[in-house]
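Dropping upload30.cif in here (mmCIF, C-alpha atoms and all ligand atoms):
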```cif
data_protein
#
loop_
_atom_site.label_atom_id
_atom_site.label_comp_id
_atom_site.auth_asym_id
_atom_site.auth_seq_id
_atom_site.Cartn_x
_atom_site.Cartn_y
_atom_site.Cartn_z
CA MET A 113 -11.17 29.03 12.74
CA ALA A 114 -13.63 27.08 10.66
CA GLY A 115 -12.17 24.12 8.73
CA GLN A 116 -11.83 24.14 4.96
CA ALA A 117 -14.98 23.34 3.01
CA MET A 118 -15.19 19.83 1.61
CA GLN A 119 -14.24 19.78 -2.09
CA VAL A 120 -16.53 17.76 -4.35
CA LEU A 121 -15.87 17.04 -8.00
CA ALA A 122 -19.08 15.92 -9.75
CA LEU A 123 -18.50 14.37 -13.16
CA ASN A 124 -21.46 13.94 -15.50
CA SER A 125 -20.78 11.70 -18.49
CA SER A 126 -24.17 11.93 -20.19
CA PRO A 127 -23.78 13.01 -23.81
CA ARG A 128 -27.29 14.50 -23.71
CA LYS A 129 -27.91 18.20 -23.71
CA SER A 130 -28.82 20.05 -20.57
CA GLY A 131 -32.50 19.58 -19.71
CA GLN A 132 -32.75 16.19 -21.42
CA SER A 133 -30.28 14.21 -19.34
CA LYS A 134 -31.70 12.34 -16.36
CA THR A 135 -28.21 11.85 -14.94
CA GLU A 136 -27.97 15.64 -14.86
CA LEU A 137 -31.34 15.89 -13.10
CA MET A 138 -30.27 13.52 -10.31
CA LEU A 139 -26.78 14.99 -10.04
CA GLY A 140 -28.18 18.53 -9.85
CA HIS A 141 -30.24 17.63 -6.79
CA LEU A 142 -27.46 15.62 -5.13
CA THR A 143 -25.01 18.50 -5.51
CA ASP A 144 -27.62 21.03 -4.33
CA GLY A 145 -27.73 19.05 -1.08
CA MET A 146 -23.94 18.91 -0.90
CA ARG A 147 -23.68 22.68 -1.31
CA GLN A 148 -26.46 23.19 1.22
CA ALA A 149 -24.37 21.19 3.72
CA GLY A 150 -21.37 23.46 3.11
CA ALA A 151 -19.33 21.67 0.44
CA THR A 152 -17.68 23.39 -2.50
CA VAL A 153 -18.88 21.59 -5.61
CA ASP A 154 -17.51 21.66 -9.16
CA ILE A 155 -19.80 20.06 -11.73
CA VAL A 156 -18.09 19.04 -14.96
CA ASN A 157 -19.94 17.84 -18.05
CA LEU A 158 -17.42 15.50 -19.62
CA ARG A 159 -19.04 15.91 -23.04
CA GLU A 160 -17.79 19.52 -23.09
CA LYS A 161 -14.17 18.55 -22.43
CA GLN A 162 -11.42 17.28 -24.61
CA ILE A 163 -10.32 13.97 -23.09
CA LYS A 164 -8.28 11.70 -25.32
CA PRO A 165 -8.45 7.95 -24.69
CA CYS A 166 -5.55 6.22 -22.92
CA ILE A 167 -3.23 4.70 -25.55
CA GLY A 168 -1.58 2.23 -23.17
CA CYS A 169 1.96 3.63 -23.59
CA PHE A 170 2.66 3.60 -19.81
CA THR A 171 4.52 6.93 -20.15
CA CYS A 172 2.76 7.92 -16.89
CA TRP A 173 4.38 4.90 -15.18
CA SER A 174 7.87 5.21 -16.62
CA LYS A 175 9.15 8.26 -18.51
CA THR A 176 7.15 10.91 -16.62
CA PRO A 177 5.85 9.14 -13.47
CA GLY A 178 2.41 10.47 -12.51
CA GLN A 179 1.92 12.46 -15.72
CA CYS A 180 0.10 11.40 -18.89
CA LEU A 181 1.61 12.19 -22.28
CA HIS A 182 -1.68 13.60 -23.66
CA ASP A 183 -1.74 17.36 -23.24
CA ASP A 184 -5.52 17.91 -23.08
CA ASP A 185 -8.29 19.06 -20.69
CA MET A 186 -7.80 15.92 -18.60
CA ARG A 187 -4.15 16.61 -17.88
CA ARG A 188 -4.41 20.36 -17.59
CA GLU A 189 -7.70 20.76 -15.73
CA LEU A 190 -9.58 17.64 -14.68
CA TYR A 191 -6.85 15.41 -13.27
CA PRO A 192 -5.62 18.13 -10.84
CA MET A 193 -9.24 18.77 -9.76
CA TRP A 194 -9.85 15.04 -9.29
CA GLN A 195 -6.62 14.66 -7.31
CA ALA A 196 -7.53 17.56 -4.98
CA ALA A 197 -11.14 16.50 -4.39
CA ASP A 198 -12.35 14.99 -1.11
CA ILE A 199 -15.23 13.30 -2.93
CA VAL A 200 -15.64 12.49 -6.60
CA VAL A 201 -19.12 11.72 -7.92
CA TYR A 202 -19.07 9.50 -10.98
CA ALA A 203 -22.46 10.27 -12.51
CA THR A 204 -23.04 8.12 -15.56
CA PRO A 205 -25.98 7.01 -17.65
CA LEU A 206 -26.20 3.22 -17.67
CA TYR A 207 -25.04 2.09 -21.11
CA HIS A 208 -24.87 -1.61 -21.88
CA HIS A 209 -25.22 -2.39 -18.16
CA THR A 210 -22.28 -0.29 -16.96
CA VAL A 211 -20.59 3.14 -17.14
CA ASN A 212 -20.81 4.78 -20.56
CA GLY A 213 -17.84 5.28 -22.86
CA LEU A 214 -17.12 8.85 -21.82
CA MET A 215 -16.90 7.90 -18.15
CA LYS A 216 -14.76 4.88 -18.99
CA ILE A 217 -12.34 7.12 -20.89
CA PHE A 218 -12.11 9.39 -17.84
CA LEU A 219 -11.53 6.45 -15.49
CA GLU A 220 -8.79 5.00 -17.68
CA ARG A 221 -7.05 8.35 -17.75
CA THR A 222 -6.63 8.19 -13.95
CA LEU A 223 -3.88 5.59 -14.53
CA PRO A 224 -1.15 8.12 -13.51
CA SER A 225 -2.56 7.93 -9.97
CA ILE A 226 -1.26 4.40 -9.43
CA GLU A 227 2.23 2.93 -9.53
CA PRO A 228 3.14 -0.09 -11.64
CA PHE A 229 4.07 -2.40 -8.75
CA LEU A 230 1.88 -5.36 -7.79
CA ILE A 231 0.13 -6.00 -4.48
CA PRO A 232 -1.33 -9.53 -4.34
CA GLY A 233 -4.76 -10.04 -2.73
CA ASP A 234 -7.30 -12.85 -2.32
CA THR A 235 -10.07 -11.59 -4.58
CA ARG A 236 -8.33 -8.67 -6.24
CA TRP A 237 -4.71 -7.76 -6.91
CA SER A 238 -3.90 -4.08 -6.96
CA HIS A 239 -1.27 -1.37 -7.46
CA PRO A 240 0.04 1.12 -4.88
CA LEU A 241 -1.69 4.51 -4.98
CA ARG A 242 0.67 7.35 -5.91
CA HIS A 243 -1.39 9.86 -3.93
CA PRO A 244 -4.56 9.79 -1.79
CA HIS A 245 -7.63 8.92 -3.84
CA PRO A 246 -10.87 10.90 -3.37
CA ASP A 247 -13.78 9.05 -1.80
CA VAL A 248 -16.21 7.87 -4.46
CA VAL A 249 -19.95 8.26 -4.96
CA ALA A 250 -21.44 6.32 -7.86
CA LEU A 251 -24.60 7.74 -9.41
CA SER A 252 -26.44 6.29 -12.36
CA VAL A 253 -29.80 6.26 -14.12
CA ALA A 254 -31.19 3.41 -16.23
CA GLY A 255 -34.03 3.04 -18.69
CA PHE A 256 -35.16 -0.35 -17.37
CA PRO A 257 -37.66 0.11 -14.55
CA THR A 258 -35.92 -2.28 -12.15
CA ASP A 259 -32.87 -2.09 -9.88
CA THR A 260 -31.52 -5.34 -11.34
CA ALA A 261 -30.41 -3.13 -14.27
CA PHE A 262 -27.53 -1.94 -12.06
CA THR A 263 -26.14 -5.38 -11.12
CA ALA A 264 -23.09 -5.23 -13.38
CA LEU A 265 -22.39 -1.54 -12.70
CA SER A 266 -22.55 -2.06 -8.95
CA HIS A 267 -20.17 -5.00 -9.16
CA TYR A 268 -17.80 -2.93 -11.31
CA MET A 269 -17.88 0.07 -8.95
CA ARG A 270 -17.20 -2.10 -5.91
CA TYR A 271 -14.40 -3.95 -7.66
CA LEU A 272 -12.90 -0.74 -9.02
CA CYS A 273 -12.72 0.78 -5.54
CA GLY A 274 -11.54 -2.42 -3.83
CA ASP A 275 -10.44 -2.04 -0.22
CA LYS A 276 -8.21 1.05 -0.67
CA ILE A 277 -10.75 3.49 -2.05
CA ARG A 278 -13.84 4.39 -0.07
CA LEU A 279 -17.08 3.90 -2.04
CA LEU A 280 -19.37 6.10 0.05
CA ALA A 281 -22.64 5.43 -1.76
CA GLU A 282 -24.19 3.97 -4.86
CA ILE A 283 -27.21 5.99 -5.95
CA TYR A 284 -29.05 4.22 -8.72
CA ARG A 285 -32.34 5.42 -10.19
CA ASN A 286 -34.23 3.10 -12.51
CA GLY A 287 -37.05 4.00 -14.94
CA SER A 288 -35.17 7.12 -16.06
CA GLU A 289 -37.18 7.73 -19.21
CA ILE A 290 -40.46 8.21 -17.35
CA MET A 291 -38.94 10.35 -14.60
CA THR A 292 -40.07 13.62 -16.15
CA LYS A 293 -43.55 12.50 -17.25
CA PRO A 294 -46.44 14.38 -15.63
CA PHE A 295 -47.91 11.21 -14.11
CA CYS A 296 -44.71 10.70 -12.11
CA ARG A 297 -44.55 14.27 -10.84
CA GLU A 298 -45.56 13.55 -7.25
CA ARG A 299 -43.22 10.58 -6.82
CA MET A 300 -40.45 12.36 -8.68
CA ASN A 301 -40.62 15.38 -6.38
CA ALA A 302 -40.23 13.03 -3.41
CA ILE A 303 -37.33 11.24 -5.14
CA LEU A 304 -35.52 14.49 -5.96
CA ASP A 305 -36.02 15.73 -2.39
CA ALA A 306 -34.51 12.49 -1.13
CA THR A 307 -31.60 12.84 -3.58
CA ARG A 308 -30.92 16.33 -2.24
CA GLN A 309 -31.03 14.89 1.28
CA ALA A 310 -28.53 12.20 0.20
CA GLY A 311 -26.18 15.05 -0.79
CA VAL A 312 -26.56 16.66 2.63
CA GLU A 313 -25.86 13.37 4.39
CA LEU A 314 -22.81 12.61 2.25
CA VAL A 315 -21.18 15.86 3.30
CA GLN A 316 -22.24 15.58 6.94
CA SER A 317 -21.42 11.90 7.50
CA ARG A 318 -19.88 10.55 4.28
CA ALA A 319 -22.74 8.08 3.98
CA VAL A 320 -26.39 7.94 2.92
CA SER A 321 -28.86 6.58 5.46
CA GLU A 322 -30.96 3.55 4.63
CA SER A 323 -34.20 5.52 4.89
CA THR A 324 -33.00 8.22 2.46
CA MET A 325 -31.76 5.61 -0.01
CA LYS A 326 -35.11 3.85 0.16
CA ARG A 327 -36.85 7.09 -0.78
CA VAL A 328 -34.42 7.69 -3.67
CA CYS A 329 -35.10 4.20 -5.02
CA GLN A 330 -38.88 4.08 -4.52
CA PRO A 331 -40.85 2.86 -7.56
CA LEU A 332 -42.05 5.52 -9.97
CA MET A 333 -45.22 3.59 -10.79
CA ASP A 334 -47.02 0.89 -8.84
CA ASP A 335 -47.98 -1.47 -11.64
CA PRO A 336 -45.08 -2.87 -13.72
CA ASP A 337 -47.59 -3.93 -16.42
CA ASP A 338 -48.55 -0.27 -16.93
CA ILE A 339 -44.88 0.64 -17.42
CA VAL A 340 -44.34 -2.10 -19.98
CA ARG A 341 -47.47 -1.16 -21.94
CA LEU A 342 -46.73 2.59 -21.85
CA HIS A 343 -43.17 1.94 -22.99
CA GLU A 344 -44.40 -0.14 -25.92
CA LEU A 345 -47.06 2.40 -26.96
CA ALA A 346 -44.62 5.30 -26.74
CA TRP A 347 -41.96 3.56 -28.87
CA ARG A 348 -44.47 2.25 -31.43
CA SER A 349 -45.80 5.80 -31.85
CA MET A 350 -42.33 7.28 -32.28
CA ILE A 351 -41.36 4.59 -34.78
CA ALA A 352 -44.59 5.16 -36.76
CA ALA A 353 -43.95 8.92 -36.84
CA ARG A 354 -40.19 8.50 -37.44
CA MET A 355 -39.64 10.85 -34.52
CA THR A 356 -36.93 10.87 -31.82
CA PRO A 357 -37.88 10.92 -28.12
CA GLU A 358 -36.49 14.45 -27.82
CA VAL A 359 -38.78 15.83 -30.54
CA SER A 360 -41.73 13.78 -29.35
CA GLU A 361 -41.30 15.14 -25.81
CA LYS A 362 -40.95 18.70 -27.04
CA ARG A 363 -44.20 18.40 -28.99
CA LYS A 364 -45.92 16.71 -26.04
CA ARG A 365 -47.08 13.96 -28.35
CA MET A 366 -49.41 11.37 -26.91
CA PRO A 367 -48.72 7.76 -27.93
CA GLN A 368 -51.33 6.12 -30.19
CA PRO A 369 -53.63 3.80 -28.18
CA GLN A 370 -54.46 0.46 -29.81
CA SER A 371 -57.46 -0.45 -27.66
CA LEU A 372 -59.97 0.97 -25.20
CA GLU A 373 -57.73 -0.27 -22.35
CA ASP A 374 -54.79 1.65 -23.84
CA PHE A 375 -56.96 4.75 -24.14
CA MET A 376 -57.92 4.52 -20.46
CA LEU A 377 -54.29 3.93 -19.44
CA LEU A 378 -53.13 6.97 -21.44
CA MET A 379 -55.89 9.12 -19.96
CA ARG A 380 -54.80 8.08 -16.46
CA MET A 381 -51.14 8.75 -17.26
CA GLY A 382 -51.76 12.03 -19.08
CA PHE A 383 -54.07 13.39 -16.39
CA ASN A 384 -53.06 16.79 -15.06
CA PRO A 385 -54.29 17.12 -11.45
CA ASP A 386 -53.39 20.83 -11.35
CA ALA A 387 -55.95 21.55 -14.10
CA ALA A 388 -58.59 19.48 -12.31
CA ARG A 389 -58.70 21.31 -9.00
CA ASN A 390 -62.29 21.94 -7.80
CA LEU A 391 -63.60 19.95 -10.73
CA GLU A 392 -66.14 17.17 -10.20
CA ILE A 393 -67.15 15.70 -13.53
CA VAL A 394 -67.82 12.46 -15.36
CA ILE A 395 -66.95 12.26 -19.06
CA GLN A 396 -68.17 9.38 -21.19
CA PHE A 397 -66.57 8.32 -24.47
CA GLU A 398 -68.42 6.28 -27.06
CA PHE A 399 -66.04 5.16 -29.77
CA GLU A 400 -66.61 3.51 -33.12
CA GLY A 401 -64.32 2.57 -35.99
CA ALA A 402 -60.82 1.16 -35.43
CA VAL A 403 -61.68 0.64 -31.75
CA SER A 404 -65.26 0.57 -30.58
CA GLY A 405 -66.62 0.64 -27.05
CA VAL A 406 -67.69 2.83 -24.15
CA CYS A 407 -65.72 4.04 -21.15
CA HIS A 408 -65.92 6.92 -18.73
CA LEU A 409 -63.60 9.07 -16.68
CA VAL A 410 -64.50 10.21 -13.18
CA ILE A 411 -62.63 13.31 -12.03
CA ARG A 412 -62.97 14.19 -8.36
CA ASP A 413 -60.68 15.80 -5.73
CA GLY A 414 -57.89 16.21 -8.28
CA ARG A 415 -57.93 12.48 -8.99
CA LEU A 416 -59.02 10.45 -11.98
CA ALA A 417 -60.58 7.00 -12.35
CA ALA A 418 -60.94 5.44 -15.82
CA ILE A 419 -63.73 2.87 -15.97
CA ALA A 420 -64.92 0.62 -18.81
CA GLY A 421 -68.62 0.87 -19.71
CA PRO A 422 -71.20 3.66 -19.49
CA ALA A 423 -71.52 6.21 -16.67
CA ASP A 424 -74.66 6.89 -14.68
CA PRO A 425 -75.17 9.68 -15.74
CA PRO A 426 -72.23 11.48 -17.41
CA ASP A 427 -71.84 15.28 -17.43
CA LEU A 428 -70.46 15.13 -20.93
CA THR A 429 -70.65 12.43 -23.59
CA VAL A 430 -68.28 12.42 -26.56
CA ARG A 431 -69.23 10.24 -29.53
CA SER A 432 -66.42 9.90 -32.00
CA PRO A 433 -64.58 7.66 -34.42
CA PHE A 434 -61.66 6.38 -32.32
CA ASP A 435 -58.94 7.66 -34.67
CA THR A 436 -60.51 11.13 -34.86
CA TRP A 437 -60.54 11.49 -31.09
CA VAL A 438 -56.99 10.17 -30.72
CA ALA A 439 -55.79 12.73 -33.30
CA ILE A 440 -57.51 15.52 -31.36
CA GLN A 441 -56.25 14.30 -28.00
CA SER A 442 -52.68 14.10 -29.25
CA GLY A 443 -52.89 17.65 -30.65
CA GLU A 444 -52.55 16.58 -34.27
CA THR A 445 -55.91 18.07 -35.25
CA ASP A 446 -57.92 20.89 -33.77
CA GLY A 447 -60.80 19.66 -31.57
CA ALA A 448 -62.96 22.79 -31.97
CA GLN A 449 -62.69 22.72 -35.74
CA GLN A 450 -63.45 19.00 -35.90
CA PHE A 451 -66.52 19.61 -33.74
CA MET A 452 -67.78 22.39 -36.07
CA GLU A 453 -67.23 20.10 -39.04
CA GLY A 454 -69.21 17.34 -37.35
CA ALA A 455 -66.30 14.87 -37.20
CA TYR A 456 -67.56 13.96 -33.71
CA THR A 457 -70.49 14.96 -31.52
CA ALA A 458 -70.82 15.87 -27.88
CA GLU A 459 -73.78 16.00 -25.54
CA GLY A 460 -74.20 17.55 -22.09
CA ASP A 461 -71.84 20.18 -20.71
CA ILE A 462 -69.99 20.92 -23.96
CA GLY A 463 -68.28 23.87 -22.24
CA LEU A 464 -65.91 21.19 -20.88
CA LEU A 465 -64.63 20.31 -24.36
CA PRO A 466 -62.01 23.08 -24.61
CA ARG A 467 -60.59 22.05 -21.22
CA LEU A 468 -59.86 18.45 -22.22
CA GLY A 469 -56.50 19.29 -23.81
CA GLU A 470 -55.26 20.84 -20.59
CA LEU A 471 -56.75 18.05 -18.46
CA PHE A 472 -55.14 15.24 -20.45
CA GLY A 473 -51.65 15.05 -21.73
CA ARG A 474 -51.10 18.44 -23.37
CA HIS A 475 -49.50 20.10 -20.35
C1 LIG B 501 -26.23 3.22 -25.97
C2 LIG B 501 -27.24 3.07 -24.86
C3 LIG B 501 -27.19 1.96 -24.04
C4 LIG B 501 -28.10 1.81 -22.99
N1 LIG B 501 -28.02 0.70 -22.19
C5 LIG B 501 -28.90 0.55 -21.17
C6 LIG B 501 -28.84 -0.59 -20.33
O1 LIG B 501 -27.99 -1.45 -20.46
N2 LIG B 501 -29.77 -0.71 -19.34
C7 LIG B 501 -30.73 0.23 -19.14
O2 LIG B 501 -31.56 0.07 -18.23
N3 LIG B 501 -30.79 1.35 -19.90
C8 LIG B 501 -29.92 1.53 -20.92
N4 LIG B 501 -29.97 2.66 -21.70
C9 LIG B 501 -30.95 3.74 -21.37
C10 LIG B 501 -30.27 4.88 -20.60
O3 LIG B 501 -29.68 4.44 -19.41
C11 LIG B 501 -31.30 5.97 -20.31
O4 LIG B 501 -31.78 6.47 -21.53
C12 LIG B 501 -30.78 7.09 -19.44
O5 LIG B 501 -31.81 8.01 -19.17
C13 LIG B 501 -29.63 7.85 -20.09
O6 LIG B 501 -29.16 8.83 -19.20
P1 LIG B 501 -29.19 10.39 -19.57
O7 LIG B 501 -30.63 10.74 -19.71
O8 LIG B 501 -28.54 11.09 -18.44
O9 LIG B 501 -28.41 10.55 -20.82
C14 LIG B 501 -29.08 2.82 -22.76
C15 LIG B 501 -29.12 3.95 -23.60
C16 LIG B 501 -28.22 4.07 -24.64
C17 LIG B 501 -28.31 5.29 -25.52
#
```

I need this file expressed as structure tokens, please.
Ligand SMILES: Cc1cc2nc3c(=O)[nH]c(=O)nc-3n(C[C@H](O)[C@H](O)[C@H](O)COP(=O)(O)O)c2cc1C
Amino acid sequence: MAGQAMQVLALNSSPRKSGQSKTELMLGHLTDGMRQAGATVDIVNLREKQIKPCIGCFTCWSKTPGQCLHDDDMRRELYPMWQAADIVVYATPLYHHTVNGLMKIFLERTLPSIEPFLIPGDTRWSHPLRHPHPDVVALSVAGFPTDTAFTALSHYMRYLCGDKIRLLAEIYRNGSEIMTKPFCRERMNAILDATRQAGVELVQSRAVSESTMKRVCQPLMDDPDDIVRLHELAWRSMIAARMTPEVSEKRKRMPQPQSLEDFMLLMRMGFNPDAARNLEIVIQFEFEGAVSGVCHLVIRDGRLAAIAGPADPPDLTVRSPFDTWVAIQSGETDGAQQFMEGAYTAEGDIGLLPRLGELFGRH
């Protein structure tokens, strides 16, 4: 007879709605892999549950050993699921360098699982476990685009588990806020594939191989300077428009470039290779006004190069006040109408003009 399927409890503590949370995105792929390898997985969004904070009364250690006095979703539903699980995944957004408040509330409410007595140790004293503890997988995402962001969380997770609880894997993904941007699509697909593979490996061998982990943690962008500049432009634009990231993302707003270099960076980042298939073109921009200068974009084999200076020769030349073109590119004004009104001019293959929105950033 086949053995019982491995039971996994996957806890997501992001307060963000479905579709916006990057913790959810990573956890979804990890648990897909776990299911694929035969595990039974329950995913719980902690934000949807009623979990009261521990009040430190020690009722669970004295009056009703092993049972909390709060009669809520934690006691009735989540604690029994946690206790029965073979693996628990603590999936948390990184907040102030560690688990977020919701996850911390959950963790504190597992106090009934330990007894009050003391076990001395060299680096860490502990309490006896009242019942077997599930193996732990830590999963987190962080806004900072570097793995050093997880230093404190990793230390906490290792210390929390100590030598009695098995910490099977720590899966940490930096640069979370650019994960869903079109310019990261290729890398992100590889990262999500690797995250799914990590789920398979966890069920098959209770560990994640070094090569899979390396693929999960690969950089999203090659040049850290580009990330810093993009981050700054995006936030400055949202502040100027008094707009939250959620709304800005929904409207596919392009950040406001402050220079020709910014413009070229945003064109590279907003480029949609799917719309550029079989296209071989060179587009030149000649700007005046707030920013003046010439640059050109070479599109070939689904790739884009942004180059300062004039092209030799371009297929299309756009001559425009910088602010006018930025407003068109970001979708704030209608390019066709502005063209008819003479707000900018174009020369060469003007049939390409209507395709620019799809080629850059508005997809
Ligand atoms: C209150 C708060 C604190 C944060 N603290 C950090 C932090 O210390 N380090 C970091 O890299 N990102 C930090 N971030 C960014 C989040 O980790 C990032 O937005 C992540 O995508 C959130 O996960 P979610 O999308 O699943 O909600 C913080 C965000 C918030 C709202």

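Once A:Cys169 and its same-chain neighbours fewer than 2 positions away are set aside, Pro165, Cys166, Ile167, Thr171, Cys172, Trp173, Ser174, Lys175, Thr176, Gln179, Cys180, Leu181, His182, Arg221, Leu223 and Pro224 of chain A remain within 12 Å of it when counting all atoms listed in the file.
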
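As for atom CA of A:Ala455 and atom CA of A:Ala439, they are spaced 11.4 Å apart.
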
query: Do you know which residues are within 9 Å of ligand LIG 501 (chain B) using all atoms listed in the file? Can you write them as an MDAnalysis selection string?
result: chainID A and resid 124:129 132:138 203:210 212 252:262 286:291

- request: Please check which residues have atoms at most 12 Å from (-22.0, 13.6, 7.6) in the file's coordinates, counting only C-alpha atoms, and write them as a PyMOL selection string.
  value: chain A and resi 118+145-146+149-151+280+309-321

Same residues, C-alpha atoms, output as a PDB file, keeping the file's coordinate frame:
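Result file is again_39.pdb:
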```pdb
ATOM      1  CA  MET A 118     -15.190  19.830   1.610  1.00  0.00           C
ATOM      2  CA  GLY A 145     -27.730  19.050  -1.080  1.00  0.00           C
ATOM      3  CA  MET A 146     -23.940  18.910  -0.900  1.00  0.00           C
ATOM      4  CA  ALA A 149     -24.370  21.190   3.720  1.00  0.00           C
ATOM      5  CA  GLY A 150     -21.370  23.460   3.110  1.00  0.00           C
ATOM      6  CA  ALA A 151     -19.330  21.670   0.440  1.00  0.00           C
ATOM      7  CA  LEU A 280     -19.370   6.100   0.050  1.00  0.00           C
ATOM      8  CA  GLN A 309     -31.030  14.890   1.280  1.00  0.00           C
ATOM      9  CA  ALA A 310     -28.530  12.200   0.200  1.00  0.00           C
ATOM     10  CA  GLY A 311     -26.180  15.050  -0.790  1.00  0.00           C
ATOM     11  CA  VAL A 312     -26.560  16.660   2.630  1.00  0.00           C
ATOM     12  CA  GLU A 313     -25.860  13.370   4.390  1.00  0.00           C
ATOM     13  CA  LEU A 314     -22.810  12.610   2.250  1.00  0.00           C
ATOM     14  CA  VAL A 315     -21.180  15.860   3.300  1.00  0.00           C
ATOM     15  CA  GLN A 316     -22.240  15.580   6.940  1.00  0.00           C
ATOM     16  CA  SER A 317     -21.420  11.900   7.500  1.00  0.00           C
ATOM     17  CA  ARG A 318     -19.880  10.550   4.280  1.00  0.00           C
ATOM     18  CA  ALA A 319     -22.740   8.080   3.980  1.00  0.00           C
ATOM     19  CA  VAL A 320     -26.390   7.940   2.920  1.00  0.00           C
ATOM     20  CA  SER A 321     -28.860   6.580   5.460  1.00  0.00           C
TER      21      SER A 321
END
```

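The space between atom CA of A:Gln162 and atom CA of A:Val249 spans 23.2 Å.
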
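Pairwise distance (atom CA of A:Arg354, atom CA of A:Ala402) equals 22.0 Å.
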
Per residue of stretch 366-410 of chain A within 9 Å of stretch 341-351 of chain A, which atom pair is closest and at what distance in Å (one decimal), using all atoms listed in the file, listed by chain and increasing number, as a tab-separated table?
```
residue	atom	partner	partner_atom	distance
A:Met366	CA	A:Ala346	CA	7.7
A:Pro367	CA	A:Ala346	CA	4.9
A:Gln368	CA	A:Ser349	CA	5.8
A:Pro369	CA	A:Leu345	CA	6.8
A:Gln370	CA	A:Leu345	CA	8.2
A:Asp374	CA	A:Arg341	CA	8.1
A:Leu377	CA	A:Leu342	CA	8.0
A:Leu378	CA	A:Leu342	CA	7.8
A:Met381	CA	A:Leu342	CA	8.9
```

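With only C-alpha atoms as the atoms that count, the residue of A:Val403, A:Ala458, A:Ala117, A:Met333 with the shortest distance to A:Phe434 is A:Val403.
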
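Around A:Ala196, within 10 Å and counting all atoms listed in the file, the residues found are Gln119, Val120, Leu121, Leu190, Tyr191, Pro192, Val200, His243, Pro244, His245 and Pro246 of chain A, once anything fewer than 4 positions away on its own chain is removed.
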
Residue with smallest distance to A:Leu123 - pool A:Ile199, A:Val156, A:Ile339, A:Leu241, counting only C-alpha atoms: A:Val156

- prompt: Using only C-alpha atoms, which residue out of A:Ile226, A:Ile411, A:Leu142, A:Leu214 lies closest to A:Arg242?
  reply: A:Ile226

query: Which residues come within 10 Å of A:Arg415, counting all atoms listed in the file, excluding same-chain residues fewer than 3 positions away, as a ChimeraX atom specification?
result: /A:380,383-386,388-389,391-392,410-412

task: Using only C-alpha atoms, find all polymer residues with an atom at most 6 Å away from the point (-58.6, 18.6, -27.1); report them as a list in words.
output: Ile440, Gln441, Gly447, Leu468 and Gly469 of chain A

- request: Find, counting only C-alpha atoms, the residue in A:Thr445, A:Thr324, A:Gln195, A:Ser266 that gets nearest to A:Gly178.
  value: A:Gln195

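Comparing A:Ala420, A:Ala448, A:Ala352, A:Leu471 by their smallest distance to A:Met379, the closest is A:Leu471 (using all atoms listed in the file).
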
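Taking all atoms listed in the file into account, A:Pro433 lies nearest to A:Glu400 out of the set A:Glu400, A:Asp305, A:Glu220, A:Asp446.
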